[in-house]
>>> print(open('model.cif').read())   # mmCIF, C-alpha atoms and all ligand atoms
data_upload
loop_
_atom_site.label_atom_id
_atom_site.label_comp_id
_atom_site.auth_asym_id
_atom_site.auth_seq_id
_atom_site.Cartn_x
_atom_site.Cartn_y
_atom_site.Cartn_z
CA MET F 1 4.58 -24.58 21.91
CA GLU F 2 2.93 -21.26 22.69
CA LYS F 3 -0.72 -21.04 21.64
CA THR F 4 -3.08 -18.15 20.98
CA LYS F 5 -6.73 -17.87 20.01
CA CYS F 6 -5.99 -15.10 17.53
CA LEU F 7 -2.77 -14.22 15.78
CA ILE F 8 -2.63 -11.02 13.78
CA ILE F 9 0.13 -10.52 11.25
CA GLY F 10 0.98 -6.93 10.31
CA SER F 11 0.70 -3.56 12.01
CA GLY F 12 -1.02 -1.23 9.55
CA PRO F 13 -4.56 0.10 10.03
CA ALA F 14 -6.04 -3.35 9.27
CA GLY F 15 -3.87 -5.18 11.81
CA TYR F 16 -4.30 -2.67 14.63
CA THR F 17 -8.06 -2.38 14.07
CA ALA F 18 -8.34 -6.17 14.11
CA ALA F 19 -6.34 -6.10 17.37
CA ILE F 20 -8.69 -3.52 18.92
CA TYR F 21 -11.78 -5.58 18.07
CA ALA F 22 -10.24 -8.96 18.91
CA SER F 23 -8.96 -7.79 22.30
CA ARG F 24 -12.32 -6.22 23.18
CA ALA F 25 -13.86 -9.60 22.31
CA ASN F 26 -11.54 -11.27 24.85
CA LEU F 27 -9.53 -13.15 22.23
CA SER F 28 -6.25 -11.92 23.77
CA PRO F 29 -4.71 -11.42 20.33
CA ILE F 30 -0.99 -11.46 19.65
CA LEU F 31 0.09 -9.14 16.83
CA TYR F 32 3.39 -9.39 15.02
CA GLU F 33 4.40 -6.04 13.57
CA GLY F 34 6.19 -7.30 10.47
CA ILE F 35 8.80 -5.65 8.30
CA GLN F 36 7.46 -2.10 8.51
CA PRO F 37 5.99 -1.39 11.97
CA GLY F 38 3.00 0.89 11.45
CA GLY F 39 2.73 -0.05 7.78
CA GLN F 40 2.67 2.10 4.67
CA LEU F 41 1.19 5.15 6.41
CA THR F 42 4.44 5.73 8.24
CA THR F 43 5.97 6.60 4.88
CA THR F 44 3.50 9.41 4.14
CA SER F 45 3.48 12.81 5.77
CA THR F 46 0.14 14.37 6.68
CA ILE F 47 -3.07 12.34 6.66
CA GLU F 48 -6.15 14.43 6.08
CA ASN F 49 -8.67 11.84 4.90
CA PHE F 50 -8.89 9.57 7.93
CA PRO F 51 -12.21 10.33 9.63
CA GLY F 52 -11.92 11.74 13.14
CA TYR F 53 -8.96 14.04 12.53
CA PRO F 54 -10.50 17.33 11.33
CA ASP F 55 -7.11 19.06 11.41
CA GLY F 56 -5.25 16.12 9.90
CA THR F 57 -2.58 14.05 11.57
CA THR F 58 0.69 12.42 10.60
CA GLY F 59 1.03 8.80 9.56
CA ASP F 60 3.28 8.15 12.54
CA ASP F 61 0.84 9.71 15.02
CA LEU F 62 -2.16 7.88 13.57
CA MET F 63 -0.41 4.55 13.81
CA ALA F 64 0.85 5.30 17.33
CA ASP F 65 -2.75 6.12 18.35
CA LEU F 66 -4.07 2.88 16.85
CA ARG F 67 -1.35 0.91 18.60
CA THR F 68 -2.06 2.54 21.96
CA GLN F 69 -5.76 1.83 21.51
CA ALA F 70 -5.07 -1.85 20.75
CA GLU F 71 -2.73 -2.19 23.73
CA ARG F 72 -5.26 -0.53 26.03
CA PHE F 73 -7.58 -3.51 25.57
CA GLY F 74 -4.85 -6.08 26.07
CA ALA F 75 -3.53 -6.86 22.59
CA GLU F 76 0.06 -8.06 22.82
CA ILE F 77 2.19 -6.41 20.19
CA ARG F 78 5.49 -8.01 19.32
CA SER F 79 8.18 -7.23 16.81
CA GLY F 80 8.89 -10.06 14.42
CA ILE F 81 8.39 -11.18 10.86
CA VAL F 82 6.38 -14.22 9.88
CA THR F 83 8.71 -16.35 7.79
CA LYS F 84 6.62 -19.52 7.39
CA VAL F 85 3.09 -20.74 7.97
CA ASP F 86 1.52 -24.16 8.13
CA PHE F 87 -2.20 -23.91 7.48
CA SER F 88 -2.61 -27.63 6.73
CA ALA F 89 -4.44 -28.34 9.99
CA SER F 90 -5.88 -26.36 12.86
CA PRO F 91 -4.43 -25.06 15.12
CA TYR F 92 -2.24 -23.38 12.55
CA ILE F 93 1.50 -23.11 13.06
CA ILE F 94 3.27 -19.85 12.37
CA THR F 95 7.04 -19.40 12.38
CA ILE F 96 8.48 -16.04 13.43
CA ASP F 97 11.92 -14.84 12.29
CA ASP F 98 12.78 -18.41 11.14
CA ASN F 99 13.05 -19.27 14.79
CA ASP F 100 10.04 -19.25 17.14
CA THR F 101 6.81 -21.07 16.41
CA ILE F 102 3.35 -20.31 17.70
CA GLN F 103 0.03 -22.11 17.30
CA ALA F 104 -3.10 -20.15 16.50
CA ASP F 105 -6.79 -21.05 16.28
CA THR F 106 -7.42 -18.07 14.03
CA VAL F 107 -5.04 -16.02 11.92
CA ILE F 108 -5.70 -12.53 10.56
CA ILE F 109 -3.33 -11.70 7.73
CA SER F 110 -2.89 -7.95 7.38
CA THR F 111 0.56 -7.73 5.88
CA GLY F 112 -0.36 -4.98 3.44
CA ALA F 113 1.18 -4.19 0.11
CA SER F 114 4.28 -2.31 -0.84
CA ALA F 115 4.30 0.30 -3.57
CA LYS F 116 6.92 -0.35 -6.16
CA TYR F 117 9.60 2.28 -6.60
CA LEU F 118 12.03 2.81 -9.46
CA GLY F 119 14.97 2.08 -7.18
CA LEU F 120 16.59 5.52 -7.42
CA GLU F 121 18.63 6.81 -4.49
CA ASP F 122 16.79 10.13 -4.87
CA GLU F 123 13.45 8.46 -4.12
CA LYS F 124 14.75 7.65 -0.64
CA LYS F 125 16.37 11.05 -0.26
CA PHE F 126 13.08 12.86 -0.97
CA ALA F 127 10.71 10.34 0.64
CA GLY F 128 7.81 12.31 2.12
CA ARG F 129 9.32 15.52 0.66
CA GLY F 130 7.89 15.45 -2.82
CA VAL F 131 8.05 11.72 -3.54
CA SER F 132 4.85 9.80 -2.99
CA ALA F 133 3.24 6.58 -4.14
CA CYS F 134 -0.31 7.66 -3.31
CA ALA F 135 -2.05 10.49 -5.15
CA THR F 136 -5.22 10.19 -3.06
CA CYS F 137 -3.14 10.60 0.12
CA ASP F 138 -0.82 13.40 -0.94
CA GLY F 139 -2.31 15.06 -4.03
CA PHE F 140 -3.99 17.74 -1.98
CA PHE F 141 -0.60 19.26 -1.14
CA TYR F 142 0.03 20.03 -4.80
CA ARG F 143 -2.90 22.33 -5.53
CA LYS F 144 -1.99 24.67 -8.37
CA LYS F 145 1.48 23.13 -8.59
CA THR F 146 3.26 20.89 -11.08
CA VAL F 147 3.42 17.14 -10.52
CA ALA F 148 4.74 14.12 -12.37
CA VAL F 149 3.32 10.61 -12.35
CA VAL F 150 5.42 7.64 -13.46
CA GLY F 151 3.66 4.67 -15.07
CA GLY F 152 1.42 3.81 -17.96
CA GLY F 153 -1.19 1.52 -16.41
CA ASP F 154 -4.65 2.16 -15.00
CA THR F 155 -3.29 3.34 -11.67
CA ALA F 156 -1.01 5.91 -13.32
CA CYS F 157 -3.83 7.18 -15.55
CA GLU F 158 -6.26 7.31 -12.65
CA GLU F 159 -3.76 9.14 -10.46
CA ALA F 160 -2.80 11.58 -13.23
CA THR F 161 -6.48 12.32 -13.82
CA TYR F 162 -7.12 12.79 -10.11
CA LEU F 163 -4.08 15.04 -9.72
CA SER F 164 -5.16 17.13 -12.71
CA SER F 165 -8.20 18.21 -10.68
CA LEU F 166 -5.84 19.76 -8.12
CA ALA F 167 -2.54 20.58 -9.80
CA GLU F 168 -1.87 23.14 -12.48
CA LYS F 169 0.07 20.72 -14.68
CA VAL F 170 0.65 16.96 -14.69
CA PHE F 171 3.41 15.14 -16.54
CA LEU F 172 2.78 11.45 -17.13
CA ILE F 173 6.09 9.68 -17.67
CA VAL F 174 5.71 6.48 -19.68
CA ARG F 175 8.68 4.30 -20.52
CA LYS F 176 7.14 2.78 -23.66
CA ASP F 177 5.50 4.45 -26.63
CA TYR F 178 2.03 3.41 -25.51
CA LEU F 179 -0.16 3.32 -22.42
CA ARG F 180 -1.04 -0.07 -21.01
CA ALA F 181 -4.16 1.31 -19.30
CA SER F 182 -7.72 0.49 -20.41
CA SER F 183 -8.88 2.50 -23.40
CA ILE F 184 -11.33 4.60 -21.40
CA MET F 185 -8.58 5.64 -18.99
CA GLN F 186 -6.22 6.35 -21.87
CA LYS F 187 -8.82 8.54 -23.53
CA ARG F 188 -9.42 10.45 -20.33
CA VAL F 189 -5.70 11.15 -19.99
CA LEU F 190 -4.98 11.96 -23.62
CA GLU F 191 -7.90 14.38 -23.84
CA ASN F 192 -7.06 16.15 -20.60
CA PRO F 193 -5.42 19.50 -21.42
CA LYS F 194 -3.65 19.61 -18.06
CA ILE F 195 -1.87 16.28 -18.61
CA GLN F 196 1.18 16.05 -20.84
CA VAL F 197 2.21 12.49 -21.61
CA LEU F 198 5.94 11.99 -22.13
CA PHE F 199 6.20 8.69 -24.01
CA ASN F 200 9.54 6.85 -24.26
CA HIS F 201 10.81 8.59 -21.14
CA ASN F 202 12.61 7.24 -18.09
CA VAL F 203 13.57 9.04 -14.92
CA GLU F 204 17.21 8.81 -13.89
CA GLY F 205 17.17 11.09 -10.86
CA LEU F 206 15.54 13.95 -8.96
CA TYR F 207 16.89 17.29 -7.87
CA GLY F 208 16.03 19.87 -5.26
CA GLU F 209 17.29 21.31 -2.01
CA ARG F 210 15.07 20.24 0.86
CA LYS F 211 12.30 18.90 -1.35
CA VAL F 212 11.78 17.82 -4.92
CA ALA F 213 12.21 20.60 -7.46
CA GLY F 214 12.51 18.57 -10.63
CA MET F 215 13.58 15.39 -12.39
CA HIS F 216 16.36 14.27 -14.69
CA LEU F 217 14.77 12.55 -17.69
CA ILE F 218 16.09 10.29 -20.42
CA LYS F 219 14.27 10.32 -23.74
CA ASN F 220 14.53 7.30 -26.03
CA LEU F 221 16.76 5.31 -23.71
CA GLY F 222 19.19 3.09 -25.61
CA GLN F 223 18.26 4.56 -29.01
CA PRO F 224 20.69 6.44 -31.29
CA ASP F 225 18.85 9.67 -30.52
CA GLU F 226 18.90 9.16 -26.71
CA SER F 227 18.82 12.51 -24.92
CA HIS F 228 18.93 13.75 -21.33
CA TYR F 229 17.16 16.81 -20.00
CA ASP F 230 15.55 18.22 -16.85
CA VAL F 231 11.95 19.14 -16.09
CA ASP F 232 10.88 21.07 -12.98
CA THR F 233 8.19 19.50 -10.83
CA ASP F 234 6.99 19.92 -7.23
CA GLY F 235 5.63 16.43 -6.76
CA PHE F 236 6.83 13.06 -8.02
CA PHE F 237 4.29 10.22 -7.85
CA LEU F 238 5.08 6.57 -8.48
CA ALA F 239 2.29 4.52 -10.02
CA ILE F 240 4.17 1.52 -11.33
CA GLY F 241 2.22 -1.05 -9.34
CA HIS F 242 2.00 -2.49 -5.85
CA LYS F 243 3.21 -5.79 -4.57
CA PRO F 244 0.98 -7.41 -1.96
CA ASN F 245 3.00 -8.98 0.85
CA SER F 246 1.53 -12.44 0.41
CA ASP F 247 4.47 -14.63 -0.65
CA VAL F 248 4.73 -16.51 2.62
CA PHE F 249 1.05 -17.56 2.46
CA LYS F 250 1.02 -18.68 -1.16
CA PRO F 251 1.59 -22.39 -0.46
CA PHE F 252 -1.81 -22.44 1.30
CA LEU F 253 -3.93 -19.56 0.02
CA LYS F 254 -5.27 -18.66 -3.38
CA THR F 255 -3.90 -15.39 -4.77
CA ASP F 256 -4.79 -13.53 -7.96
CA ALA F 257 -2.35 -12.90 -10.79
CA ALA F 258 -0.90 -9.87 -9.01
CA GLY F 259 -0.51 -11.75 -5.72
CA TYR F 260 -3.50 -10.37 -3.79
CA ILE F 261 -5.06 -12.95 -1.44
CA VAL F 262 -8.44 -14.03 -2.76
CA THR F 263 -11.20 -13.75 -0.17
CA ILE F 264 -14.76 -15.04 -0.26
CA ASP F 265 -17.66 -12.82 -1.38
CA GLY F 266 -16.31 -9.49 -0.18
CA THR F 267 -15.65 -10.83 3.35
CA PRO F 268 -12.18 -11.29 4.88
CA ARG F 269 -12.71 -15.10 4.86
CA THR F 270 -10.22 -17.21 2.92
CA GLU F 271 -10.73 -20.79 1.77
CA ILE F 272 -9.14 -21.97 5.02
CA PRO F 273 -11.55 -21.81 7.98
CA GLY F 274 -10.25 -19.49 10.67
CA VAL F 275 -7.74 -17.77 8.38
CA PHE F 276 -8.74 -14.26 7.33
CA ALA F 277 -7.13 -11.61 5.14
CA ALA F 278 -7.71 -7.90 5.72
CA GLY F 279 -6.42 -4.65 4.28
CA ASP F 280 -4.22 -4.09 1.26
CA VAL F 281 -2.92 -7.66 1.06
CA ALA F 282 -6.41 -8.61 -0.15
CA ASP F 283 -7.51 -5.33 -1.72
CA PRO F 284 -6.30 -4.43 -5.22
CA VAL F 285 -9.01 -1.78 -5.58
CA TYR F 286 -9.41 0.73 -2.72
CA ARG F 287 -6.13 0.58 -0.78
CA GLN F 288 -7.07 3.29 1.72
CA ALA F 289 -6.28 3.42 5.44
CA ILE F 290 -9.96 3.63 6.31
CA THR F 291 -10.96 0.69 4.09
CA ALA F 292 -8.09 -1.35 5.53
CA ALA F 293 -9.20 -0.49 9.07
CA ALA F 294 -12.77 -1.49 8.22
CA SER F 295 -11.71 -4.86 6.85
CA GLY F 296 -9.54 -5.44 9.95
CA CYS F 297 -12.68 -4.91 12.03
CA LYS F 298 -14.60 -7.39 9.88
CA ALA F 299 -11.81 -9.95 10.18
CA ALA F 300 -11.82 -9.75 13.99
CA ILE F 301 -15.61 -10.16 14.08
CA GLU F 302 -15.29 -13.15 11.76
CA ALA F 303 -12.57 -14.64 13.99
CA GLU F 304 -14.73 -14.26 17.08
CA ARG F 305 -17.74 -15.88 15.37
CA TYR F 306 -15.59 -18.70 14.04
CA LEU F 307 -14.24 -19.44 17.52
CA SER F 308 -17.62 -19.33 19.19
CA ASN F 309 -19.03 -21.73 16.57
CA LEU F 310 -16.27 -24.28 17.13
P1 LIG F 401 0.23 -2.21 -14.13
O1 LIG F 401 1.13 -3.36 -13.89
O2 LIG F 401 -0.97 -2.40 -14.96
O3 LIG F 401 1.04 -1.02 -14.82
C1 LIG F 401 2.28 -0.65 -14.35
C2 LIG F 401 2.81 0.45 -15.22
O4 LIG F 401 4.02 0.90 -14.66
C3 LIG F 401 3.09 0.01 -16.66
O5 LIG F 401 2.82 1.06 -17.54
C4 LIG F 401 4.58 -0.29 -16.61
O6 LIG F 401 5.22 -0.07 -17.83
C5 LIG F 401 5.04 0.78 -15.64
N1 LIG F 401 6.28 0.40 -15.00
C6 LIG F 401 6.53 -0.72 -14.27
N2 LIG F 401 7.80 -0.72 -13.82
C7 LIG F 401 8.36 0.43 -14.29
C8 LIG F 401 9.63 1.01 -14.18
N3 LIG F 401 10.61 0.42 -13.48
N4 LIG F 401 9.85 2.19 -14.79
C9 LIG F 401 8.89 2.81 -15.48
N5 LIG F 401 7.64 2.32 -15.63
C10 LIG F 401 7.39 1.14 -15.03
O7 LIG F 401 -0.09 -1.65 -12.66
P2 LIG F 401 -1.32 -0.74 -12.18
O8 LIG F 401 -1.04 -0.46 -10.75
O9 LIG F 401 -1.53 0.39 -13.07
O10 LIG F 401 -2.57 -1.71 -12.26
C11 LIG F 401 -2.59 -2.96 -11.56
C12 LIG F 401 -3.90 -3.67 -11.88
O11 LIG F 401 -5.00 -2.97 -11.27
C13 LIG F 401 -4.19 -3.70 -13.39
O12 LIG F 401 -4.82 -4.90 -13.69
C14 LIG F 401 -5.13 -2.54 -13.57
O13 LIG F 401 -5.96 -2.70 -14.70
C15 LIG F 401 -5.92 -2.57 -12.27
N6 LIG F 401 -6.45 -1.24 -11.95
C16 LIG F 401 -7.71 -0.97 -12.35
C17 LIG F 401 -8.26 0.27 -12.09
C18 LIG F 401 -9.63 0.53 -12.52
O14 LIG F 401 -10.21 -0.29 -13.21
N7 LIG F 401 -10.21 1.65 -12.16
C19 LIG F 401 -7.51 1.33 -11.40
C20 LIG F 401 -6.17 0.93 -11.06
C21 LIG F 401 -5.68 -0.31 -11.34
P3 LIG F 401 5.17 -1.15 -19.02
O15 LIG F 401 3.81 -1.02 -19.62
O16 LIG F 401 6.27 -0.70 -19.87
O17 LIG F 401 5.41 -2.49 -18.38
#
>>> encode(input="model.cif", output="structure tokens")
Amino acid sequence: MEKTKCLIIGSGPAGYTAAIYASRANLSPILYEGIQPGGQLTTTSTIENFPGYPDGTTGDDLMADLRTQAERFGAEIRSGIVTKVDFSASPYIITIDDNDTIQADTVIISTGASAKYLGLEDEKKFAGRGVSACATCDGFFYRKKTVAVVGGGDTACEEATYLSSLAEKVFLIVRKDYLRASSIMQKRVLENPKIQVLFNHNVEGLYGERKVAGMHLIKNLGQPDESHYDVDTDGFFLAIGHKPNSDVFKPFLKTDAAGYIVTIDGTPRTEIPGVFAAGDVADPVYRQAITAAASGCKAAIEAERYLSNL
């Protein structure tokens, strides 16, 4: 069976940064790209908050740069999805595409998280053209415009509040008649004159020519007084939760209630020696490209130290 000193799973900022550091440390890492080569950033348009790009860059270009940088130092990047792991004894055994197996002394899990979407066809149609699942990434493009945020939890309230500092008007679309967010976040939203909360509302579609121009709403879905109407908006933000891509590791690693891999004391270490988790798969809080990259760096340093201590 093929064997590697360092196997990296996932090709977002965490995975590629881990690959840069691990290859420069002579670990000859092998990286499997996973379901979405380049990760979540390839679904956003312009990136203006990644240090080092004063004029901004695109998600695709940033990820291509990170990949080139990792390959320059010898990281081997392969397409393939990890479908099974066996972390019961070292070296660990990882199955790719239900078919190939590879042994690894260290494993860096950087499989990311996927934003949840409502499942509307229009979300795909307008992806990157008005539809976003990250207010911090894309809010800046909606200065003095109208935006809508879907969700009633802390993320939705936080994103609506953040967007209200940029946009002229924010609609918060909540499917129930209450917010699930913490009371302080609720208060902040309800007292914000720029935010209008539409309780008991669902979104059934979006409209627009090249980009989003508005949304088709349903009020009081399933009630006798159910009604349908349209509201114009320039931006449409989903904040209905994220799903960390951790299912395949769950038989061996501790995850929190939402599925994020639990790491030790703010490091990328997991309970299993030599297995590390970096980026969004282990980060329910920050979820930024730069924080993911930083934790990928930490994971590679940890992997190198672990191997040299063996
Ligand atoms: P949550 O699961 O807490 O909330 C999701 C929200 O989206 C709910 O209001 C839910 O509605 C709504 N929703 C889910 N699916 C749909 C759908 N198909 N259509 C319409 N609405 C939908 O997720 P969050 O991302 O907000 O938070 C995740 C965790 O992270 C929480 O524990 C939260 O407290 C924490 N967090 C903490 C922050 C902080 O402390 N600063 C900031 C952000 C998150 P419903 O209520 O009807 O189910």
>>> residues_around(input="model.cif", residues="F:Tyr92", least_positions_apart="3", cutoff="9 Å", atoms="all atoms listed in the file", output="mmCIF file with C-alpha atoms, keeping the file's coordinate frame")
data_model
loop_
_atom_site.group_PDB
_atom_site.id
_atom_site.type_symbol
_atom_site.label_atom_id
_atom_site.label_comp_id
_atom_site.auth_asym_id
_atom_site.auth_seq_id
_atom_site.Cartn_x
_atom_site.Cartn_y
_atom_site.Cartn_z
ATOM 1 C CA VAL F 85 3.090 -20.740 7.970
ATOM 2 C CA ASP F 86 1.520 -24.160 8.130
ATOM 3 C CA PHE F 87 -2.200 -23.910 7.480
ATOM 4 C CA SER F 88 -2.610 -27.630 6.730
ATOM 5 C CA ALA F 89 -4.440 -28.340 9.990
ATOM 6 C CA ILE F 102 3.350 -20.310 17.700
ATOM 7 C CA GLN F 103 0.030 -22.110 17.300
ATOM 8 C CA ALA F 104 -3.100 -20.150 16.500
ATOM 9 C CA ASP F 105 -6.790 -21.050 16.280
ATOM 10 C CA THR F 106 -7.420 -18.070 14.030
ATOM 11 C CA VAL F 107 -5.040 -16.020 11.920
ATOM 12 C CA VAL F 275 -7.740 -17.770 8.380
#
>>> axis_aligned_box(input="model.cif", around="ligand LIG 401 (chain F)", padding_each_side="5 Å", output="JSON")
{"center_x": 0.2, "center_y": -1.0, "center_z": -15.3, "size_x": 30.8, "size_y": 17.7, "size_z": 19.1}
>>> residues_near_ligand(input="model.cif", ligand="ligand LIG 401 (chain F)", cutoff="10 Å", atoms="all atoms listed in the file", output="PyMOL selection string")
chain F and resi 115-120+149-159+173-182+184-185+200-204+238-243+257-258+284-286
>>> residues_around(input="model.cif", residues="stretch 288-305 of chain F", least_positions_apart="6", cutoff="8 Å", atoms="all atoms listed in the file", output="PDB file with C-alpha atoms, in the coordinates of the input")
ATOM      1  CA  CYS F   6      -5.990 -15.100  17.530  1.00  0.00           C
ATOM      2  CA  PRO F  13      -4.560   0.100  10.030  1.00  0.00           C
ATOM      3  CA  ALA F  14      -6.040  -3.350   9.270  1.00  0.00           C
ATOM      4  CA  GLY F  15      -3.870  -5.180  11.810  1.00  0.00           C
ATOM      5  CA  TYR F  16      -4.300  -2.670  14.630  1.00  0.00           C
ATOM      6  CA  THR F  17      -8.060  -2.380  14.070  1.00  0.00           C
ATOM      7  CA  ALA F  18      -8.340  -6.170  14.110  1.00  0.00           C
ATOM      8  CA  ALA F  19      -6.340  -6.100  17.370  1.00  0.00           C
ATOM      9  CA  TYR F  21     -11.780  -5.580  18.070  1.00  0.00           C
ATOM     10  CA  ALA F  22     -10.240  -8.960  18.910  1.00  0.00           C
ATOM     11  CA  ALA F  25     -13.860  -9.600  22.310  1.00  0.00           C
ATOM     12  CA  LEU F  27      -9.530 -13.150  22.230  1.00  0.00           C
ATOM     13  CA  LEU F  41       1.190   5.150   6.410  1.00  0.00           C
ATOM     14  CA  PHE F  50      -8.890   9.570   7.930  1.00  0.00           C
ATOM     15  CA  PRO F  51     -12.210  10.330   9.630  1.00  0.00           C
ATOM     16  CA  THR F 106      -7.420 -18.070  14.030  1.00  0.00           C
ATOM     17  CA  VAL F 107      -5.040 -16.020  11.920  1.00  0.00           C
ATOM     18  CA  ILE F 108      -5.700 -12.530  10.560  1.00  0.00           C
ATOM     19  CA  SER F 110      -2.890  -7.950   7.380  1.00  0.00           C
ATOM     20  CA  THR F 267     -15.650 -10.830   3.350  1.00  0.00           C
ATOM     21  CA  PRO F 268     -12.180 -11.290   4.880  1.00  0.00           C
ATOM     22  CA  ARG F 269     -12.710 -15.100   4.860  1.00  0.00           C
ATOM     23  CA  GLY F 274     -10.250 -19.490  10.670  1.00  0.00           C
ATOM     24  CA  PHE F 276      -8.740 -14.260   7.330  1.00  0.00           C
ATOM     25  CA  ALA F 277      -7.130 -11.610   5.140  1.00  0.00           C
ATOM     26  CA  ALA F 278      -7.710  -7.900   5.720  1.00  0.00           C
ATOM     27  CA  GLY F 279      -6.420  -4.650   4.280  1.00  0.00           C
ATOM     28  CA  ASP F 280      -4.220  -4.090   1.260  1.00  0.00           C
TER      29      ASP F 280
END
>>> closest_residue(input="model.cif", among="F:Thr270, F:Asn245, F:Thr233, F:Ser183", to="F:Gly214", atoms="all atoms listed in the file")
F:Thr233
>>> atom_distance(input="model.cif", atom1="atom CA of F:Ile77", atom2="atom CA of F:Pro29")
8.5 Å
>>> atom_distance(input="model.cif", atom1="atom CA of F:Thr136", atom2="atom CA of F:Arg188")
17.8 Å
>>> residues_around(input="model.cif", residues="stretch 206-212 of chain F", least_positions_apart="6", cutoff="6 Å", atoms="all atoms listed in the file", output="PDB file with C-alpha atoms, in the coordinates of the input")
ATOM      1  CA  ASP F 122      16.790  10.130  -4.870  1.00  0.00           C
ATOM      2  CA  ARG F 129       9.320  15.520   0.660  1.00  0.00           C
ATOM      3  CA  GLY F 130       7.890  15.450  -2.820  1.00  0.00           C
ATOM      4  CA  ASP F 234       6.990  19.920  -7.230  1.00  0.00           C
TER       5      ASP F 234
END
>>> closest_residue(input="model.cif", among="F:Ser11, F:Thr95, F:Ser165, F:Asn49", to="F:Arg67", atoms="all atoms listed in the file")
F:Ser11
>>> residues_around(input="model.cif", residues="F:Thr161", least_positions_apart="6", cutoff="9 Å", atoms="only C-alpha atoms", output="number ranges by chain")
F: 170, 185, 188-189, 192, 194-195
>>> atom_distance(input="model.cif", atom1="atom CA of F:Phe73", atom2="atom CA of F:Val281")
25.3 Å
>>> decode(input="model.cif", residues="stretch 10-24 of chain F", atoms="N, CA and C atoms", output="PDB file, in the first residue's frame")
ATOM      1  N   GLY F  10      -8.452  18.056   1.608  1.00  0.00           N
ATOM      2  CA  GLY F  10      -9.190  19.296   1.364  1.00  0.00           C
ATOM      3  C   GLY F  10      -8.293  20.354   0.739  1.00  0.00           C
ATOM      4  N   SER F  11      -8.872  21.178  -0.120  1.00  0.00           N
ATOM      5  CA  SER F  11      -8.070  22.113  -0.912  1.00  0.00           C
ATOM      6  C   SER F  11      -8.551  23.553  -0.794  1.00  0.00           C
ATOM      7  N   GLY F  12      -8.996  23.937   0.407  1.00  0.00           N
ATOM      8  CA  GLY F  12      -9.281  25.350   0.667  1.00  0.00           C
ATOM      9  C   GLY F  12      -8.016  26.026   1.177  1.00  0.00           C
ATOM     10  N   PRO F  13      -8.139  27.221   1.723  1.00  0.00           N
ATOM     11  CA  PRO F  13      -6.960  27.935   2.239  1.00  0.00           C
ATOM     12  C   PRO F  13      -6.216  27.144   3.327  1.00  0.00           C
ATOM     13  N   ALA F  14      -6.948  26.396   4.160  1.00  0.00           N
ATOM     14  CA  ALA F  14      -6.287  25.615   5.221  1.00  0.00           C
ATOM     15  C   ALA F  14      -5.453  24.498   4.599  1.00  0.00           C
ATOM     16  N   GLY F  15      -6.035  23.753   3.676  1.00  0.00           N
ATOM     17  CA  GLY F  15      -5.337  22.620   3.069  1.00  0.00           C
ATOM     18  C   GLY F  15      -4.110  23.061   2.292  1.00  0.00           C
ATOM     19  N   TYR F  16      -4.267  24.085   1.451  1.00  0.00           N
ATOM     20  CA  TYR F  16      -3.120  24.532   0.638  1.00  0.00           C
ATOM     21  C   TYR F  16      -2.021  25.140   1.515  1.00  0.00           C
ATOM     22  N   THR F  17      -2.420  25.884   2.546  1.00  0.00           N
ATOM     23  CA  THR F  17      -1.379  26.462   3.415  1.00  0.00           C
ATOM     24  C   THR F  17      -0.652  25.353   4.157  1.00  0.00           C
ATOM     25  N   ALA F  18      -1.388  24.357   4.621  1.00  0.00           N
ATOM     26  CA  ALA F  18      -0.739  23.201   5.258  1.00  0.00           C
ATOM     27  C   ALA F  18       0.225  22.550   4.271  1.00  0.00           C
ATOM     28  N   ALA F  19      -0.185  22.467   2.996  1.00  0.00           N
ATOM     29  CA  ALA F  19       0.674  21.836   1.979  1.00  0.00           C
ATOM     30  C   ALA F  19       1.944  22.651   1.741  1.00  0.00           C
ATOM     31  N   ILE F  20       1.817  23.973   1.752  1.00  0.00           N
ATOM     32  CA  ILE F  20       3.002  24.832   1.567  1.00  0.00           C
ATOM     33  C   ILE F  20       3.998  24.583   2.705  1.00  0.00           C
ATOM     34  N   TYR F  21       3.493  24.622   3.928  1.00  0.00           N
ATOM     35  CA  TYR F  21       4.390  24.452   5.090  1.00  0.00           C
ATOM     36  C   TYR F  21       4.937  23.033   5.176  1.00  0.00           C
ATOM     37  N   ALA F  22       4.092  22.043   4.914  1.00  0.00           N
ATOM     38  CA  ALA F  22       4.544  20.646   5.036  1.00  0.00           C
ATOM     39  C   ALA F  22       5.570  20.324   3.951  1.00  0.00           C
ATOM     40  N   SER F  23       5.377  20.860   2.744  1.00  0.00           N
ATOM     41  CA  SER F  23       6.352  20.546   1.696  1.00  0.00           C
ATOM     42  C   SER F  23       7.667  21.263   1.956  1.00  0.00           C
ATOM     43  N   ARG F  24       7.612  22.473   2.477  1.00  0.00           N
ATOM     44  CA  ARG F  24       8.854  23.188   2.807  1.00  0.00           C
ATOM     45  C   ARG F  24       9.582  22.526   3.977  1.00  0.00           C
TER      46      ARG F  24
END
